[in-house]
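This report refers to the structure that appears directly beneath it.
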Amino acid sequence: MRIVGLTGGIASGKSTISNLFKAHGIPVVDADLVARDVLRKGTGGWKRVVAAFGQEILLDNGEVNRAQLGQIVFSDPSKRQLLNRLLAPYISSGIFFEVFKLWIKGCKVIVLDIPLLFEAKLDRWTKPIIVVWVDSETQLQRLVARDGISEEQARNRINAQMELDWKRGKADIVIDNSGTMVDTKEQFEKVLIQVTRPLTWTEFSLSRQGAVSLLVSVIVGVLACRNFYYSDSVR
Ligand SMILES: CC(C)(COP(=O)(O)OP(=O)(O)OC[C@H]1O[C@@H](n2cnc3c(N)ncnc32)[C@H](O)[C@@H]1O)[C@@H](O)C(=O)NCCC(=O)NCCS
Ligand SMILES: Nc1ncnc2c1ncn2[C@@H]1O[C@H](COP(=O)(O)OP(=O)(O)OP(=O)(O)O)[C@@H](O)[C@H]1O
């Protein structure tokens, strides 16, 4: 199984690229969706976060007020670290479970869309790593326009992550999303060819098909050896 890492900075265009992957039939595990699930009312993540941040962060229906929690954690690094610490185990196991379901289905290539791939040290599990890069001014403007927040709030969110230029240096593949969608789609077509090339032996052995083939070979080998020793001892 090939597990492709897709990361970048906030509003650099990860969802835009993951939508292109989905449109080409490649399954995507979206860490933001997993993170949402683990913060739903009544879950373990929700209980830990309410215990740490208080009832004030809840809406009338008991769900977490995400905008309010965002305001708190994106303007205070220690609160953000606390939230990360509380949710990290739930998010990691949620991602693992989603990958496992795709493995069971027999998917050969999957994409993990994880904004904090490097920050959470999950990069060691993915190859290749695609970084969606954008110049800093475009990133700021797109974030302000998409989320309807002030420039200061947008800067806080951008600064809450590792530098996008640093991430770019760690990438196997870079998609420069500073231009038009036409430019981006052109780069994506080339990336798609790279990502869907035949699996290496290591990747194949990690796929469900590879694991089954390995198991069948081991069983056949053991049976063949038993028969050999049995017929040898009868003689
Ligand atoms: C703080 C929360 C409630 C704000 O929710 P909101 O709906 O406004 O934003 P959303 O979840 O859609 O995230 C938008 C983007 O913010 C960035 N981001 C989210 N959490 C973090 C974080 N802890 N540190 C840095 N950047 C973050 C990501 O680029 C993400 O794509 C939410 O982001 C959250 O629960 N974050 C902690 C969980 C987490 O680490 N998520 C990232 C998945 S790897
Ligand atoms: N090439 C492009 N040209 C113009 N707008 C774009 C382009 N790519 C993305 N956008 C817009 O920029 C915004 C951010 O893109 P997107 O939501 O894909 O980023 P993201 O990295 O997934 O963000 P987040 O980290 O918050 O999940 C969106 O409003 C999107 O429509």
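Identifiers in the structure tokens: chain A, B, ... in order shown; residue index from 1 per chain; ligand index from 1 in order shown.
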Original post:
Which parts of region 101-170 of chain A does DSSP call helix (DSSP H, G or I) when run on the backbone here, written out as a PyMOL selection string?
Top reply: chain A and resi 101-105+123-125+136-147+151-159+164-170
Dump of N, CA and C atoms for the selected residues, as a CSV table (one decimal), in the first residue's frame:
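Dumped to out.csv:
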```csv
chain,number,residue,atom,x,y,z
A,101,LYS,N,-9.4,0.7,7.4
A,101,LYS,CA,-10.6,0.4,6.6
A,101,LYS,C,-10.3,0.4,5.1
A,102,LEU,N,-9.4,1.3,4.7
A,102,LEU,CA,-9.0,1.4,3.2
A,102,LEU,C,-8.1,0.2,2.9
A,103,TRP,N,-7.3,-0.3,3.8
A,103,TRP,CA,-6.5,-1.4,3.6
A,103,TRP,C,-7.3,-2.7,3.5
A,104,ILE,N,-8.3,-2.8,4.3
A,104,ILE,CA,-9.3,-3.9,4.3
A,104,ILE,C,-10.0,-4.0,2.9
A,105,LYS,N,-10.3,-2.8,2.4
A,105,LYS,CA,-11.0,-2.7,1.1
A,105,LYS,C,-10.1,-3.0,0.0
A,123,ASP,N,5.1,12.2,9.4
A,123,ASP,CA,5.7,12.2,8.1
A,123,ASP,C,6.5,10.8,7.8
A,124,ARG,N,6.9,10.2,8.9
A,124,ARG,CA,7.7,9.0,8.7
A,124,ARG,C,6.9,7.8,8.2
A,125,TRP,N,5.5,8.0,8.3
A,125,TRP,CA,4.6,6.9,7.8
A,125,TRP,C,4.2,7.1,6.3
A,136,SER,N,3.4,33.7,0.7
A,136,SER,CA,2.8,34.1,2.0
A,136,SER,C,1.7,35.2,1.8
A,137,GLU,N,1.8,36.1,0.9
A,137,GLU,CA,0.8,37.1,0.7
A,137,GLU,C,-0.5,36.5,0.2
A,138,THR,N,-0.4,35.6,-0.8
A,138,THR,CA,-1.5,34.9,-1.3
A,138,THR,C,-2.2,34.0,-0.3
A,139,GLN,N,-1.4,33.4,0.6
A,139,GLN,CA,-1.9,32.5,1.6
A,139,GLN,C,-2.8,33.4,2.6
A,140,LEU,N,-2.2,34.5,3.0
A,140,LEU,CA,-2.9,35.4,3.9
A,140,LEU,C,-4.3,35.9,3.3
A,141,GLN,N,-4.2,36.3,2.0
A,141,GLN,CA,-5.4,36.8,1.4
A,141,GLN,C,-6.5,35.8,1.3
A,142,ARG,N,-6.1,34.6,0.9
A,142,ARG,CA,-7.0,33.5,0.7
A,142,ARG,C,-7.6,33.1,2.0
A,143,LEU,N,-6.8,33.1,3.1
A,143,LEU,CA,-7.3,32.7,4.4
A,143,LEU,C,-8.4,33.7,4.9
A,144,VAL,N,-8.0,35.0,4.7
A,144,VAL,CA,-9.0,36.1,5.2
A,144,VAL,C,-10.3,35.9,4.4
A,145,ALA,N,-10.1,35.7,3.1
A,145,ALA,CA,-11.3,35.7,2.2
A,145,ALA,C,-12.2,34.4,2.5
A,146,ARG,N,-11.5,33.3,2.7
A,146,ARG,CA,-12.3,32.1,3.0
A,146,ARG,C,-13.0,32.1,4.3
A,147,ASP,N,-12.3,32.4,5.4
A,147,ASP,CA,-12.8,32.3,6.7
A,147,ASP,C,-13.4,33.6,7.3
A,151,GLU,N,-6.9,40.2,9.3
A,151,GLU,CA,-5.6,39.8,8.9
A,151,GLU,C,-4.8,39.4,10.2
A,152,GLU,N,-5.0,40.0,11.3
A,152,GLU,CA,-4.3,39.6,12.5
A,152,GLU,C,-4.6,38.2,12.9
A,153,GLN,N,-5.9,37.8,12.9
A,153,GLN,CA,-6.4,36.5,13.2
A,153,GLN,C,-5.7,35.5,12.2
A,154,ALA,N,-5.7,35.9,11.0
A,154,ALA,CA,-5.2,35.0,9.9
A,154,ALA,C,-3.7,34.8,10.2
A,155,ARG,N,-3.0,35.8,10.6
A,155,ARG,CA,-1.5,35.7,10.9
A,155,ARG,C,-1.3,34.8,12.0
A,156,ASN,N,-2.1,34.9,13.1
A,156,ASN,CA,-2.0,34.0,14.2
A,156,ASN,C,-2.1,32.6,13.8
A,157,ARG,N,-3.1,32.3,12.9
A,157,ARG,CA,-3.3,30.9,12.5
A,157,ARG,C,-2.1,30.4,11.6
A,158,ILE,N,-1.6,31.3,10.8
A,158,ILE,CA,-0.4,30.9,10.0
A,158,ILE,C,0.8,30.6,10.8
A,159,ASN,N,1.0,31.5,11.9
A,159,ASN,CA,2.1,31.4,12.7
A,159,ASN,C,2.0,30.2,13.7
A,164,LEU,N,6.0,27.4,6.1
A,164,LEU,CA,5.7,26.6,4.9
A,164,LEU,C,6.9,26.4,4.0
A,165,ASP,N,7.9,27.4,4.1
A,165,ASP,CA,9.1,27.3,3.3
A,165,ASP,C,10.0,26.1,3.8
A,166,TRP,N,9.9,25.9,5.1
A,166,TRP,CA,10.7,24.8,5.7
A,166,TRP,C,10.0,23.4,5.3
A,167,LYS,N,8.7,23.4,5.3
A,167,LYS,CA,8.0,22.2,4.8
A,167,LYS,C,8.3,21.9,3.4
A,168,ARG,N,8.4,23.0,2.6
A,168,ARG,CA,8.7,22.8,1.2
A,168,ARG,C,10.0,22.1,1.0
A,169,GLY,N,11.0,22.4,1.8
A,169,GLY,CA,12.3,21.8,1.8
A,169,GLY,C,12.3,20.3,2.1
A,170,LYS,N,11.3,19.9,2.9
A,170,LYS,CA,11.2,18.5,3.3
A,170,LYS,C,10.4,17.6,2.3
```
Original post:
Hey, what's within 10 Å of region 214-231 of chain A if we count only C-alpha atoms and toss same-chain stuff fewer than 5 positions away? As a list in words, please?
Top reply: Ser205, Arg208 and Gln209 of chain A
Subject >> Atom pair atom 1 (N, counted along the ligand's line) of ligand 2 / CA of Ser18 (chain A): separation (Å) >> reply: 13.0 Å
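The two atoms in question, atom 32 (C, counted along the ligand's line) of ligand 1 and CA of Pro115 (chain A), are spaced 11.2 Å apart.
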Subject >> Distance query Lys41 (chain A) at most 7 Å, only C-alpha atoms, self and fewer than 4 positions along chain excluded, as a PyMOL selection string >> reply: chain A and resi 46+62-63
**OP:** Identify, counting only C-alpha atoms and all ligand atoms, the protein, DNA and RNA residues located within 9 Å of ligand 2, and give them as JSON, numbers by chain.
**Re:** {"A": [7, 8, 9, 10, 11, 12, 13, 14, 15, 16, 17, 18, 19, 32, 113, 114, 115, 132, 134, 138, 139, 141, 142, 143, 144, 145, 146, 147, 176, 177, 178, 179, 180, 181, 182, 183, 184, 185]}
Subject >> Interatomic distance, CA of Ile175 (chain A) to CA of Ile3 (chain A) (Å, one decimal) >> reply: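 Rounded to one decimal, the two atoms are 17.7 Å apart.
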**OP:** Return as a PyMOL selection string the full set of residues in region 43-219 of chain A whose backbone-based DSSP assignment is strand (DSSP E or B).
**Re:** chain A and resi 58+64+109-113+129-133+173-176
Subject >> Among the residues A:Gln68, A:Asp76, A:Asp135, A:Lys127, the one that comes closest to Thr202 (chain A) [using only C-alpha atoms] >> reply: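 Residue with the minimum atom-to-atom distance to Thr202 (chain A): A:Lys127.
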**OP:** Please identify all polymer residues within 10 Å of Trp201 (chain A), counting only C-alpha atoms, omitting same-chain residues fewer than 5 positions from it, and present them as a list in words.
**Re:** Met1, Leu206, Ser207 and Gly210 of chain A
How would the residues just picked look written out with all heavy atoms as a PDB file, in the first residue's frame?
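Once everything was written out, this is again-v6.pdb:
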```pdb
ATOM      1  N   MET A   1       0.845  -1.187   0.000  1.00  0.00           N
ATOM      2  CA  MET A   1       0.000   0.000   0.000  1.00  0.00           C
ATOM      3  C   MET A   1       0.892   1.253   0.000  1.00  0.00           C
ATOM      4  O   MET A   1       1.854   1.307   0.773  1.00  0.00           O
ATOM      5  CB  MET A   1      -0.856  -0.013   1.267  1.00  0.00           C
ATOM      6  CG  MET A   1      -1.910   1.061   1.313  1.00  0.00           C
ATOM      7  SD  MET A   1      -2.707   0.998   2.940  1.00  0.00           S
ATOM      8  CE  MET A   1      -4.347   1.430   2.544  1.00  0.00           C
ATOM      9  N   LEU A 206       3.002  -4.312   1.814  1.00  0.00           N
ATOM     10  CA  LEU A 206       2.177  -3.655   2.838  1.00  0.00           C
ATOM     11  C   LEU A 206       0.703  -3.587   2.445  1.00  0.00           C
ATOM     12  O   LEU A 206      -0.142  -3.196   3.249  1.00  0.00           O
ATOM     13  CB  LEU A 206       2.688  -2.223   3.075  1.00  0.00           C
ATOM     14  CG  LEU A 206       4.035  -2.097   3.785  1.00  0.00           C
ATOM     15  CD1 LEU A 206       4.489  -0.652   3.790  1.00  0.00           C
ATOM     16  CD2 LEU A 206       3.944  -2.634   5.204  1.00  0.00           C
ATOM     17  N   SER A 207       0.396  -3.957   1.200  1.00  0.00           N
ATOM     18  CA  SER A 207      -1.004  -3.908   0.763  1.00  0.00           C
ATOM     19  C   SER A 207      -1.713  -5.185   1.200  1.00  0.00           C
ATOM     20  O   SER A 207      -1.060  -6.177   1.552  1.00  0.00           O
ATOM     21  CB  SER A 207      -1.088  -3.763  -0.762  1.00  0.00           C
ATOM     22  OG  SER A 207      -0.609  -4.942  -1.366  1.00  0.00           O
ATOM     23  N   GLY A 210      -0.681  -8.002  -0.951  1.00  0.00           N
ATOM     24  CA  GLY A 210       0.669  -8.456  -0.645  1.00  0.00           C
ATOM     25  C   GLY A 210       0.681  -9.324   0.597  1.00  0.00           C
ATOM     26  O   GLY A 210       1.341 -10.375   0.627  1.00  0.00           O
TER      27      GLY A 210
END
```
Original post:
Which one of A:Ile57, A:Arg197, A:Gly106, A:Ala171 sits closest to ligand 1 if you count only C-alpha atoms and all ligand atoms?
Top reply: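 Checking each candidate against ligand 1, we get A:Ile57 as the closest.
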**OP:** Just the residues within 12 Å of region 90-100 of chain A, please, counting only C-alpha atoms, with nothing from its chain fewer than 2 positions along; format it as a ChimeraX atom specification.
**Re:** /A:1-4,27-40,43-49,83-88,102-114,116-117,120-122,125-126,206-208
